[in-house]
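Structure, as structure tokens:
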Protein chains: 2
Amino acid sequence: MSQSKTTNRRIVLASRPHGAPTANNFRLEQSPLPTPAAGQVLLRTTHLSLDPYMRGRMSDAPSYAAPVAVGEVMVGGTVARVEASQHADYKTGDLVLAYSGWQDYALSNGDGLTKLDANMGQPSYALGLLGMPGFTAYMGLLDIGQPKAGETVVVAAASGAVGSVVGQIAKLKGCRVIGIAGGADKCRYVVEELGFDACIDHRSADFPQQLAAACAKGIDVYFENVGGAVFDAVLPLLNTGARVPVCGLIAHYNASSLPPGPDRLSLLMGTLLKKRIRMQGFIIFDDYGHRYPEFFKDMSAWIAAGKMKYREDIVDGLENAPQAFIGLLEGKNFGKLVVRVGEA
Amino acid sequence: MSQSKTTNRRIVLASRPHGAPTANNFRLEQSPLPTPAAGQVLLRTTHLSLDPYMRGRMSDAPSYAAPVAVGEVMVGGTVARVEASQHADYKTGDLVLAYSGWQDYALSNGDGLTKLDANMGQPSYALGLLGMPGFTAYMGLLDIGQPKAGETVVVAAASGAVGSVVGQIAKLKGCRVIGIAGGADKCRYVVEELGFDACIDHRSADFPQQLAAACAKGIDVYFENVGGAVFDAVLPLLNTGARVPVCGLIAHYNASSLPPGPDRLSLLMGTLLKKRIRMQGFIIFDDYGHRYPEFFKDMSAWIAAGKMKYREDIVDGLENAPQAFIGLLEGKNFGKLVVRVGEA
């Protein structure tokens with residue numbers, strides 16, 4: 001089922017999930033192609049980014065962004081072609097970074113669009129290494145984590161879109177970098193391809209012991225994007241003065257209630273106190289939007305110098321987005337998950 | 001029982017407490033006066049500071065500082081007179097800030113001593129407003145809390161040695177300041193004498209509701225030195241971008257096990273993430289020792305300008321230190337707790 005020139009397919013939130021999302025929480029709808037009014041452009045999606053934060057948008061629990069309304073199209077970052085333009089700044093054929101969601105076509109008045117090189121070789125990179133995940137890795141590690149040469153940096157979800165970049169930047173900064181990933185294949189990739197010093201499989205029965213052995217001098221920076229049992233193993237290894245950027249907590253996104261006791265809230269706060277640890281949450285564009293050019297310059301230079309390895313997990317077809325997203329929350333993807341919605 | 005010129009009284013840790021310390025955990029011992037060797041001074045304690053962190057030193061659980069060994073003298077900050085000197089930098093009659101512990105006399109080779117004005121009017125202030133508690137309040141609030149004019153700052157233990165200074169500095173910076181204290185007398189003092197905008201009694205049955213009503217625009221800075229039920233009421237009120245300096249957790253110091261579930265560790269981390277909150281523990285002299293002169297200059301100026309109110313709770317006699325310390329952990333003191341050990 002490929003893109004049509006007359007019909008818009010859109011995946012809407014059919015119902016809110018309880019726990020892990022299922023296919024029933026999504027619905028594919030079709031509607032006629034919209035027509036741009038004065039000041040608008042018609043966008044055709046070529047690539048859709050799938051990211052863990054979208055789980056939060058499916059719930060109506062209080063969060064940093066409004067939830068997707070039931071019946072509305074799922075939100076998401078996209079790369080898109082301008083198919084028709086009534087906007088002075090855009091012409092047909094322009095390639096843009098947009099936030100037009102899980103659909104083939106969308107109208108835009110230009111707000112939030114970023115022009116891309118119309119002939120760029122890998123447009124999907126704008127959704128990863130050079131986009132939100134790469135920017136997240138860069139600012140969270142460098143501004144909150146503040147790694148110093150010789151320190152030990154631990155990164156969870158190390159083969160993923162954010163973790164892989166965190167670890168590679170930490171290596172460029174002279175740190176010892178330990179990854180955590182699910183399964184032998186991902187761990188091998190993290191060490192052999194990405195150049196981390198070690199990678200521990202969190203599915204191993206003795207994962208906490210393996211992590212402790214790999215971090216003989218403790219942990220100075222822990223880049224948190226997982227939570228759960230991974231954080232439980234990290235907590236006792238944090239060094240005095242450690243920094244913990246909190247970027248995501250994918251292990252908790254499907255939780256519908258708090259886990260049973262004892263209540264370790266005071267244990268965490270006591271550890272922060274005794275070890276003088278800084279723990280800080282951040283939402284990349286809200287906190288750091290103004291520093292995007294600095295990131296873009298550094299990252300472009302690293303890519304040009306061959307210093308950044310990057311792996312994508314490309315899924316073909318908008319209709320496969322729900323299943324791919326469900327798998328993402330289970331760690332089934334290997335590399336940055338992107339849906340190829342249409343021809344570039 | 002007053003200071004002798006021939007005998008040293010010292011209070012040692014008799015046994016480690018389980019839960020709240022009792023009188024049996026302390027023992028008063030007597031020994032002959034020590035004699036300074038070459039390079040040493042003999043110090044006579046005039047004032048001993050009692051502070052919540054000492055509870056941590058009584059336990060052998062891992063912490064940022066070594067525990068007091070059973071049978072050894074309890075540690076603590078002191079003001080002391082030099083009674084005899086074999087040290088080129090000190091002469092008899094000098095007044096010093098020391099860390100000579102719960103005893104009448106101690107030898108020192110000069111390490112860690114700070115000379116005070118030998119004729120200063122209130123030597124005990126060196127243990128409070130101008131000493132560790134004041135310095136803790138100053139750096140924790142200004143460096144980690146970074147309050148901006150118009151923001152809401154909440155301070156627990158608001159009538160205490162640290163909290164009272166935190167709130168007064170926050171007022172000087174143009175913030176709306178809400179104190180939390182135990183009992184109507186302390187709350188009245190915090191508002192009427194210290195000039196906070198409001199003070200909520202955490203013993204009230206509807207404390208969380210009262211706090212929420214007083215913080216109609218949420219909380220931008222929460223200076224944490226309590227934990228427990230106070231933090232539980234604060235957590236849902238924290239604003240996006242809030243800062244939480246973690247200075248102490250007195251509600252937990254006597255806990256011998258974690259409270260029952262559910263486990264709210266993930267709730268805390270999720271709140272830090274969604275609201276992009278910074279939470280940071282600190283140990284004042286380890287983290288900020290080099291900035292003491294900056295504090296001393298500012299605080300001296302504020303005192304000289306009549307901008308700092310300060311209340312001491314003075315207990316007479318070294319032998320009463322254990323009971324006073326036990327009371328401190330229960331919130332029985334009102335103002336900075338200091339033991340007058342001998343004549344200044």
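As shown in the structure tokens, the chain order sets the letters A, B, ...; within each chain, residues go from 1, and ligands are also counted from 1 in the order they appear.
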
>> I'd like the neighbourhood of Gly335 of chain B as a ChimeraX atom specification, where a residue qualifies if any of its atoms comes within 9 Å (using only C-alpha atoms), though same-chain residues fewer than 6 positions away should be ignored.
In response: /B:159-161,164,310-314

>> Could you list, as an MDAnalysis selection string, every residue within 12 Å of Met120 of chain A, counting only C-alpha atoms and ignoring same-chain residues fewer than 3 positions away?
In response: chainID A and resid 79 94:96 115:117 123:126 344

Please save C-alpha atoms of the selected residues as a PDB file, in the first residue's frame.
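Below is the file that was written, out_8.pdb:
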```
ATOM      1  CA  VAL A  79      11.028  14.715   6.294  1.00  0.00           C
ATOM      2  CA  ASP A  94      11.695  21.816  -1.560  1.00  0.00           C
ATOM      3  CA  LEU A  95      12.757  19.276   1.067  1.00  0.00           C
ATOM      4  CA  VAL A  96      11.876  20.187   4.662  1.00  0.00           C
ATOM      5  CA  LYS A 115      14.595  23.685   4.909  1.00  0.00           C
ATOM      6  CA  LEU A 116      16.945  20.831   4.042  1.00  0.00           C
ATOM      7  CA  ASP A 117      19.304  20.460   1.097  1.00  0.00           C
ATOM      8  CA  PRO A 123      17.252  12.707   4.087  1.00  0.00           C
ATOM      9  CA  SER A 124      16.388  10.396   6.970  1.00  0.00           C
ATOM     10  CA  TYR A 125      19.562  11.536   8.780  1.00  0.00           C
ATOM     11  CA  ALA A 126      17.689  14.762   9.470  1.00  0.00           C
ATOM     12  CA  ALA A 344      12.228  10.974  -1.420  1.00  0.00           C
TER      13      ALA A 344
END
```

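Between Gly182 of chain A and the candidates A:Arg340, A:Arg276, A:Arg10, A:Lys332, the tightest atom-to-atom separation, counting only C-alpha atoms, involves A:Lys332.
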
Would you give me, as CSV, each residue of chain B having an atom within 7 Å of an atom of chain A, along with its shortest atom pair and that distance in Å to one decimal, using only C-alpha atoms and sorting by chain and residue number?
```
residue,atom,partner,partner_atom,distance
B:Ser63,CA,A:Lys274,CA,5.7
B:Tyr64,CA,A:Lys274,CA,5.3
B:Val246,CA,A:Leu273,CA,5.9
B:Cys247,CA,A:Leu273,CA,6.6
B:Gly248,CA,A:Leu273,CA,7.0
B:Leu258,CA,A:Pro262,CA,6.0
B:Pro259,CA,A:Asp263,CA,5.5
B:Pro260,CA,A:Pro262,CA,4.4
B:Gly261,CA,A:Gly261,CA,3.2
B:Pro262,CA,A:Gly261,CA,4.4
B:Asp263,CA,A:Asp263,CA,3.9
B:Arg264,CA,A:Leu265,CA,5.3
B:Leu265,CA,A:Leu265,CA,4.5
B:Leu268,CA,A:Leu265,CA,6.8
B:Leu272,CA,A:Gly281,CA,5.0
B:Leu273,CA,A:Gly281,CA,4.0
B:Lys274,CA,A:Tyr64,CA,5.3
B:Lys275,CA,A:Tyr64,CA,6.4
B:Arg276,CA,A:Gly281,CA,4.2
B:Ile277,CA,A:Gly281,CA,5.4
B:Arg278,CA,A:Gln280,CA,4.3
B:Met279,CA,A:Met279,CA,5.4
B:Gln280,CA,A:Arg278,CA,4.3
B:Gly281,CA,A:Leu273,CA,4.0
B:Phe282,CA,A:Arg276,CA,4.5
B:Ile283,CA,A:Arg276,CA,6.5
```

>> With only C-alpha atoms as the counted atoms, please give the residues lying no more than 12 Å from Ile326 of chain B, apart from itself and same-chain residues fewer than 6 positions off, as an MDAnalysis selection string.
In response: chainID B and resid 17 19:26 50:52 54:55 253:254 320 332:333 337

All heavy atoms of the current selection, written as a compact mmCIF listing (two decimals), in the first residue's frame:
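Contents of the output file result_28.txt:
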```txt
# COMPACT_ATOMS: atom_id res chain seq x y z
N PRO B 17 23.60 3.86 67.15
CA PRO B 17 22.14 3.82 67.34
C PRO B 17 21.45 2.96 66.27
O PRO B 17 21.93 2.86 65.15
CB PRO B 17 21.73 5.28 67.19
CG PRO B 17 22.83 5.95 66.45
CD PRO B 17 24.08 5.16 66.68
N GLY B 19 17.94 3.38 64.67
CA GLY B 19 16.86 4.37 64.70
C GLY B 19 17.32 5.60 65.45
O GLY B 19 18.47 6.02 65.31
N ALA B 20 16.43 6.18 66.25
CA ALA B 20 16.77 7.42 66.95
C ALA B 20 17.84 7.17 68.00
O ALA B 20 17.79 6.18 68.73
CB ALA B 20 15.52 7.99 67.61
N PRO B 21 18.84 8.05 68.09
CA PRO B 21 19.86 7.89 69.14
C PRO B 21 19.23 8.06 70.52
O PRO B 21 18.25 8.79 70.69
CB PRO B 21 20.84 9.04 68.87
CG PRO B 21 20.50 9.58 67.52
CD PRO B 21 19.07 9.24 67.26
N THR B 22 19.81 7.38 71.50
CA THR B 22 19.39 7.54 72.89
C THR B 22 20.61 7.94 73.71
O THR B 22 21.76 7.87 73.23
CB THR B 22 18.84 6.23 73.47
OG1 THR B 22 19.93 5.29 73.56
CG2 THR B 22 17.75 5.65 72.57
N ALA B 23 20.38 8.30 74.96
CA ALA B 23 21.48 8.71 75.83
C ALA B 23 22.53 7.61 75.95
O ALA B 23 23.73 7.88 76.13
CB ALA B 23 20.94 9.09 77.21
N ASN B 24 22.08 6.35 75.83
CA ASN B 24 23.02 5.23 75.98
C ASN B 24 24.03 5.13 74.85
O ASN B 24 25.02 4.40 74.96
CB ASN B 24 22.25 3.90 76.04
CG ASN B 24 21.46 3.79 77.33
OD1 ASN B 24 21.84 4.41 78.34
ND2 ASN B 24 20.37 3.05 77.30
N ASN B 25 23.78 5.83 73.74
CA ASN B 25 24.74 5.79 72.64
C ASN B 25 25.94 6.70 72.88
O ASN B 25 26.90 6.67 72.12
CB ASN B 25 24.07 6.19 71.32
CG ASN B 25 22.95 5.26 70.91
OD1 ASN B 25 21.83 5.69 70.63
ND2 ASN B 25 23.23 3.98 70.89
N PHE B 26 25.87 7.49 73.96
CA PHE B 26 26.95 8.43 74.28
C PHE B 26 27.53 8.08 75.65
O PHE B 26 26.86 7.53 76.50
CB PHE B 26 26.40 9.87 74.33
CG PHE B 26 25.73 10.31 73.06
CD1 PHE B 26 24.35 10.16 72.88
CD2 PHE B 26 26.47 10.89 72.03
CE1 PHE B 26 23.73 10.56 71.72
CE2 PHE B 26 25.84 11.31 70.86
CZ PHE B 26 24.47 11.14 70.70
N LEU B 50 25.93 21.87 67.29
CA LEU B 50 25.24 20.59 67.08
C LEU B 50 24.43 20.71 65.79
O LEU B 50 23.64 21.64 65.62
CB LEU B 50 24.33 20.27 68.27
CG LEU B 50 25.05 19.99 69.59
CD1 LEU B 50 24.04 19.66 70.69
CD2 LEU B 50 26.06 18.84 69.45
N ASP B 51 24.64 19.75 64.90
CA ASP B 51 24.04 19.80 63.56
C ASP B 51 23.53 18.43 63.15
O ASP B 51 24.12 17.41 63.53
CB ASP B 51 25.09 20.27 62.55
CG ASP B 51 25.66 21.64 62.90
OD1 ASP B 51 24.99 22.64 62.62
OD2 ASP B 51 26.76 21.70 63.50
N PRO B 52 22.48 18.41 62.33
CA PRO B 52 21.87 17.12 61.94
C PRO B 52 22.84 16.14 61.28
O PRO B 52 22.69 14.93 61.43
CB PRO B 52 20.76 17.54 60.96
CG PRO B 52 20.38 18.94 61.39
CD PRO B 52 21.68 19.56 61.85
N MET B 54 25.53 15.13 62.06
CA MET B 54 26.25 14.28 63.01
C MET B 54 25.58 12.91 63.18
O MET B 54 26.24 11.94 63.54
CB MET B 54 26.33 14.98 64.37
CG MET B 54 27.18 16.24 64.31
SD MET B 54 26.96 17.24 65.80
CE MET B 54 28.27 18.48 65.53
N ARG B 55 24.28 12.86 62.90
CA ARG B 55 23.60 11.56 62.97
C ARG B 55 24.23 10.59 61.98
O ARG B 55 24.39 9.40 62.29
CB ARG B 55 22.10 11.75 62.67
CG ARG B 55 21.30 10.45 62.62
CD ARG B 55 21.30 9.72 63.95
NE ARG B 55 20.61 8.43 63.89
CZ ARG B 55 21.18 7.31 63.44
NH1 ARG B 55 22.44 7.32 63.01
NH2 ARG B 55 20.50 6.18 63.43
N TYR B 253 17.09 10.45 58.79
CA TYR B 253 18.36 10.09 59.42
C TYR B 253 18.22 8.98 60.44
O TYR B 253 19.15 8.22 60.67
CB TYR B 253 19.01 11.32 60.07
CG TYR B 253 19.52 12.35 59.07
CD1 TYR B 253 19.92 13.60 59.50
CD2 TYR B 253 19.60 12.07 57.71
CE1 TYR B 253 20.39 14.56 58.60
CE2 TYR B 253 20.06 13.02 56.82
CZ TYR B 253 20.45 14.26 57.26
OH TYR B 253 20.91 15.21 56.38
N ASN B 254 17.07 8.90 61.09
CA ASN B 254 16.88 7.86 62.10
C ASN B 254 16.24 6.59 61.53
O ASN B 254 16.01 5.64 62.27
CB ASN B 254 16.03 8.38 63.26
CG ASN B 254 16.82 9.33 64.17
OD1 ASN B 254 18.05 9.26 64.20
ND2 ASN B 254 16.12 10.19 64.88
N ASN B 320 25.29 18.25 78.58
CA ASN B 320 23.92 18.28 78.06
C ASN B 320 23.86 18.14 76.53
O ASN B 320 22.77 18.19 75.95
CB ASN B 320 23.23 19.59 78.48
CG ASN B 320 23.05 19.63 79.99
OD1 ASN B 320 22.65 18.64 80.61
ND2 ASN B 320 23.38 20.76 80.60
N LYS B 332 13.10 19.77 68.30
CA LYS B 332 12.77 20.46 69.56
C LYS B 332 13.49 21.79 69.72
O LYS B 332 13.06 22.64 70.50
CB LYS B 332 13.09 19.56 70.75
CG LYS B 332 12.12 18.39 70.87
CD LYS B 332 12.29 17.66 72.19
CE LYS B 332 11.23 16.56 72.32
NZ LYS B 332 11.62 15.57 73.34
N ASN B 333 14.62 21.94 69.05
CA ASN B 333 15.33 23.23 69.15
C ASN B 333 14.56 24.31 68.40
O ASN B 333 13.76 24.02 67.52
CB ASN B 333 16.74 23.09 68.56
CG ASN B 333 16.68 22.74 67.08
OD1 ASN B 333 16.06 21.74 66.71
ND2 ASN B 333 17.28 23.56 66.23
N LEU B 337 21.25 25.46 67.15
CA LEU B 337 21.59 24.80 68.41
C LEU B 337 23.10 24.83 68.65
O LEU B 337 23.89 24.35 67.83
CB LEU B 337 21.09 23.35 68.37
CG LEU B 337 21.20 22.55 69.65
CD1 LEU B 337 20.45 23.21 70.81
CD2 LEU B 337 20.68 21.13 69.43
```

> Hey, which of A:Ser49, A:Thr114, A:Thr35, A:Ser256 ends up closest to Val315 of chain A? Count only C-alpha atoms.
Replying inline: A:Ser49

Going by DSSP on the backbone, which residues of segment 98-184 of chain A come out as helix (DSSP H, G or I)? List them as a JSON list (two decimals) with N, CA, C and O atoms, in the first residue's frame.
```
[["chain", "number", "residue", "atom", "x", "y", "z"],
["A", 123, "PRO", "N", 18.18, 11.78, 3.40],
["A", 123, "PRO", "CA", 17.25, 12.71, 4.09],
["A", 123, "PRO", "C", 16.85, 12.22, 5.48],
["A", 123, "PRO", "O", 16.60, 13.04, 6.37],
["A", 124, "SER", "N", 16.82, 10.92, 5.68],
["A", 124, "SER", "CA", 16.39, 10.40, 6.97],
["A", 124, "SER", "C", 17.36, 10.77, 8.10],
["A", 124, "SER", "O", 16.98, 10.77, 9.26],
["A", 125, "TYR", "N", 18.61, 11.12, 7.74],
["A", 125, "TYR", "CA", 19.56, 11.54, 8.78],
["A", 125, "TYR", "C", 19.07, 12.78, 9.52],
["A", 125, "TYR", "O", 19.43, 13.02, 10.65],
["A", 126, "ALA", "N", 18.23, 13.56, 8.83],
["A", 126, "ALA", "CA", 17.69, 14.76, 9.47],
["A", 126, "ALA", "C", 16.76, 14.41, 10.63],
["A", 126, "ALA", "O", 16.43, 15.26, 11.45],
["A", 127, "LEU", "N", 16.35, 13.13, 10.70],
["A", 127, "LEU", "CA", 15.51, 12.69, 11.81],
["A", 127, "LEU", "C", 16.33, 12.01, 12.90],
["A", 127, "LEU", "O", 15.79, 11.56, 13.90],
["A", 132, "MET", "N", 16.64, 15.56, 16.04],
["A", 132, "MET", "CA", 16.30, 15.56, 17.44],
["A", 132, "MET", "C", 17.12, 14.56, 18.27],
["A", 132, "MET", "O", 17.66, 14.93, 19.31],
["A", 133, "PRO", "N", 17.25, 13.29, 17.83],
["A", 133, "PRO", "CA", 18.01, 12.36, 18.68],
["A", 133, "PRO", "C", 19.49, 12.75, 18.83],
["A", 133, "PRO", "O", 20.03, 12.69, 19.94],
["A", 134, "GLY", "N", 20.12, 13.17, 17.74],
["A", 134, "GLY", "CA", 21.52, 13.57, 17.83],
["A", 134, "GLY", "C", 21.70, 14.81, 18.69],
["A", 134, "GLY", "O", 22.62, 14.91, 19.51],
["A", 135, "PHE", "N", 20.79, 15.76, 18.53],
["A", 135, "PHE", "CA", 20.82, 17.00, 19.31],
["A", 135, "PHE", "C", 20.61, 16.69, 20.80],
["A", 135, "PHE", "O", 21.28, 17.26, 21.68],
["A", 136, "THR", "N", 19.70, 15.76, 21.07],
["A", 136, "THR", "CA", 19.44, 15.33, 22.44],
["A", 136, "THR", "C", 20.70, 14.73, 23.06],
["A", 136, "THR", "O", 21.07, 15.04, 24.21],
["A", 137, "ALA", "N", 21.36, 13.87, 22.31],
["A", 137, "ALA", "CA", 22.58, 13.24, 22.81],
["A", 137, "ALA", "C", 23.65, 14.29, 23.10],
["A", 137, "ALA", "O", 24.30, 14.28, 24.15],
["A", 138, "TYR", "N", 23.80, 15.20, 22.17],
["A", 138, "TYR", "CA", 24.85, 16.22, 22.24],
["A", 138, "TYR", "C", 24.67, 17.13, 23.45],
["A", 138, "TYR", "O", 25.56, 17.30, 24.28],
["A", 139, "MET", "N", 23.48, 17.71, 23.61],
["A", 139, "MET", "CA", 23.28, 18.68, 24.70],
["A", 139, "MET", "C", 23.21, 17.98, 26.05],
["A", 139, "MET", "O", 23.76, 18.47, 27.03],
["A", 140, "GLY", "N", 22.51, 16.84, 26.10],
["A", 140, "GLY", "CA", 22.39, 16.15, 27.39],
["A", 140, "GLY", "C", 23.75, 15.72, 27.91],
["A", 140, "GLY", "O", 24.06, 15.88, 29.10],
["A", 141, "LEU", "N", 24.57, 15.16, 27.01],
["A", 141, "LEU", "CA", 25.90, 14.73, 27.45],
["A", 141, "LEU", "C", 26.79, 15.91, 27.78],
["A", 141, "LEU", "O", 27.40, 15.95, 28.86],
["A", 142, "LEU", "N", 26.88, 16.87, 26.87],
["A", 142, "LEU", "CA", 27.89, 17.92, 27.05],
["A", 142, "LEU", "C", 27.45, 18.99, 28.04],
["A", 142, "LEU", "O", 28.27, 19.46, 28.85],
["A", 143, "ASP", "N", 26.18, 19.37, 28.03],
["A", 143, "ASP", "CA", 25.77, 20.48, 28.90],
["A", 143, "ASP", "C", 25.43, 20.00, 30.31],
["A", 143, "ASP", "O", 25.78, 20.65, 31.28],
["A", 144, "ILE", "N", 24.74, 18.88, 30.42],
["A", 144, "ILE", "CA", 24.38, 18.38, 31.76],
["A", 144, "ILE", "C", 25.43, 17.39, 32.26],
["A", 144, "ILE", "O", 25.86, 17.45, 33.40],
["A", 145, "GLY", "N", 25.85, 16.46, 31.40],
["A", 145, "GLY", "CA", 26.81, 15.44, 31.82],
["A", 145, "GLY", "C", 28.22, 15.97, 32.03],
["A", 145, "GLY", "O", 28.94, 15.49, 32.90],
["A", 163, "GLY", "N", 21.57, 6.91, 22.28],
["A", 163, "GLY", "CA", 22.69, 6.30, 23.00],
["A", 163, "GLY", "C", 23.94, 6.14, 22.15],
["A", 163, "GLY", "O", 25.06, 6.36, 22.63],
["A", 164, "SER", "N", 23.76, 5.77, 20.89],
["A", 164, "SER", "CA", 24.93, 5.55, 20.03],
["A", 164, "SER", "C", 25.70, 6.86, 19.84],
["A", 164, "SER", "O", 26.93, 6.85, 19.76],
["A", 165, "VAL", "N", 24.99, 7.96, 19.78],
["A", 165, "VAL", "CA", 25.64, 9.26, 19.59],
["A", 165, "VAL", "C", 26.28, 9.73, 20.90],
["A", 165, "VAL", "O", 27.40, 10.25, 20.92],
["A", 166, "VAL", "N", 25.58, 9.53, 22.01],
["A", 166, "VAL", "CA", 26.15, 9.89, 23.32],
["A", 166, "VAL", "C", 27.52, 9.23, 23.50],
["A", 166, "VAL", "O", 28.51, 9.89, 23.84],
["A", 167, "GLY", "N", 27.57, 7.93, 23.24],
["A", 167, "GLY", "CA", 28.82, 7.20, 23.47],
["A", 167, "GLY", "C", 29.94, 7.63, 22.55],
["A", 167, "GLY", "O", 31.09, 7.76, 22.97],
["A", 168, "GLN", "N", 29.59, 7.90, 21.30],
["A", 168, "GLN", "CA", 30.64, 8.30, 20.35],
["A", 168, "GLN", "C", 31.18, 9.70, 20.69],
["A", 168, "GLN", "O", 32.38, 9.95, 20.56],
["A", 169, "ILE", "N", 30.29, 10.60, 21.13],
["A", 169, "ILE", "CA", 30.79, 11.92, 21.53],
["A", 169, "ILE", "C", 31.66, 11.79, 22.79],
["A", 169, "ILE", "O", 32.73, 12.42, 22.89],
["A", 170, "ALA", "N", 31.23, 10.94, 23.71],
["A", 170, "ALA", "CA", 32.02, 10.75, 24.94],
["A", 170, "ALA", "C", 33.41, 10.19, 24.61],
["A", 170, "ALA", "O", 34.41, 10.57, 25.23],
["A", 171, "LYS", "N", 33.48, 9.29, 23.63],
["A", 171, "LYS", "CA", 34.79, 8.79, 23.20],
["A", 171, "LYS", "C", 35.63, 9.93, 22.61],
["A", 171, "LYS", "O", 36.83, 10.04, 22.88],
["A", 172, "LEU", "N", 35.00, 10.78, 21.80],
["A", 172, "LEU", "CA", 35.73, 11.93, 21.23],
["A", 172, "LEU", "C", 36.27, 12.84, 22.33],
["A", 172, "LEU", "O", 37.28, 13.53, 22.14],
["A", 184, "ALA", "N", 23.27, -9.91, 22.37],
["A", 184, "ALA", "CA", 24.66, -10.02, 21.96],
["A", 184, "ALA", "C", 24.95, -9.24, 20.67],
["A", 184, "ALA", "O", 26.01, -8.62, 20.53]]
```

> Quick one: residues within 8 Å of Arg16 of chain B, only C-alpha atoms counted, chain neighbours fewer than 6 positions away excluded, as a VMD selection string?
Replying inline: chain B and resid 25 58 to 59 70

Selection file, N, CA, C and O atoms, as an mmCIF file, in the first residue's frame:
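What landed in part-v7.cif:
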```
data_model
loop_
_atom_site.group_PDB
_atom_site.id
_atom_site.type_symbol
_atom_site.label_atom_id
_atom_site.label_comp_id
_atom_site.auth_asym_id
_atom_site.auth_seq_id
_atom_site.Cartn_x
_atom_site.Cartn_y
_atom_site.Cartn_z
ATOM 1 N N ASN B 25 23.781 5.830 73.738
ATOM 2 C CA ASN B 25 24.742 5.787 72.637
ATOM 3 C C ASN B 25 25.936 6.698 72.882
ATOM 4 O O ASN B 25 26.900 6.671 72.119
ATOM 5 N N MET B 58 27.358 8.859 63.225
ATOM 6 C CA MET B 58 27.161 7.836 64.262
ATOM 7 C C MET B 58 26.925 6.453 63.665
ATOM 8 O O MET B 58 26.989 5.457 64.380
ATOM 9 N N SER B 59 26.618 6.400 62.366
ATOM 10 C CA SER B 59 26.345 5.127 61.695
ATOM 11 C C SER B 59 27.544 4.727 60.863
ATOM 12 O O SER B 59 28.341 5.576 60.451
ATOM 13 N N VAL B 70 33.416 3.639 67.320
ATOM 14 C CA VAL B 70 32.883 3.431 68.673
ATOM 15 C C VAL B 70 34.031 3.608 69.668
ATOM 16 O O VAL B 70 35.127 3.076 69.479
#
```

> Hey, which of A:Gln122, A:Ser100, A:Asn239, A:Ser2 ends up closest to Thr152 of chain A? Count only C-alpha atoms.
Replying inline: A:Asn239

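With only C-alpha atoms as the basis for measurement, A:Lys307 is the residue among A:Lys307, A:Lys5, A:Lys336, A:Arg57 that approaches Gly195 of chain A most closely.
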
>> Please extract the residues of segment 4-130 of chain B with a backbone DSSP assignment of strand (DSSP E) and present them as a PyMOL selection string.
In response: chain B and resi 7-13+26-32+41-49+78-85+95-98+105-108+114-116

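Put simply, atom CA of Val221 of chain A is 13.1 Å away from atom CA of Gly174 of chain A.
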
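Pairwise distance (atom CA of Gly289 of chain B, atom CA of Tyr99 of chain B) equals 14.9 Å.
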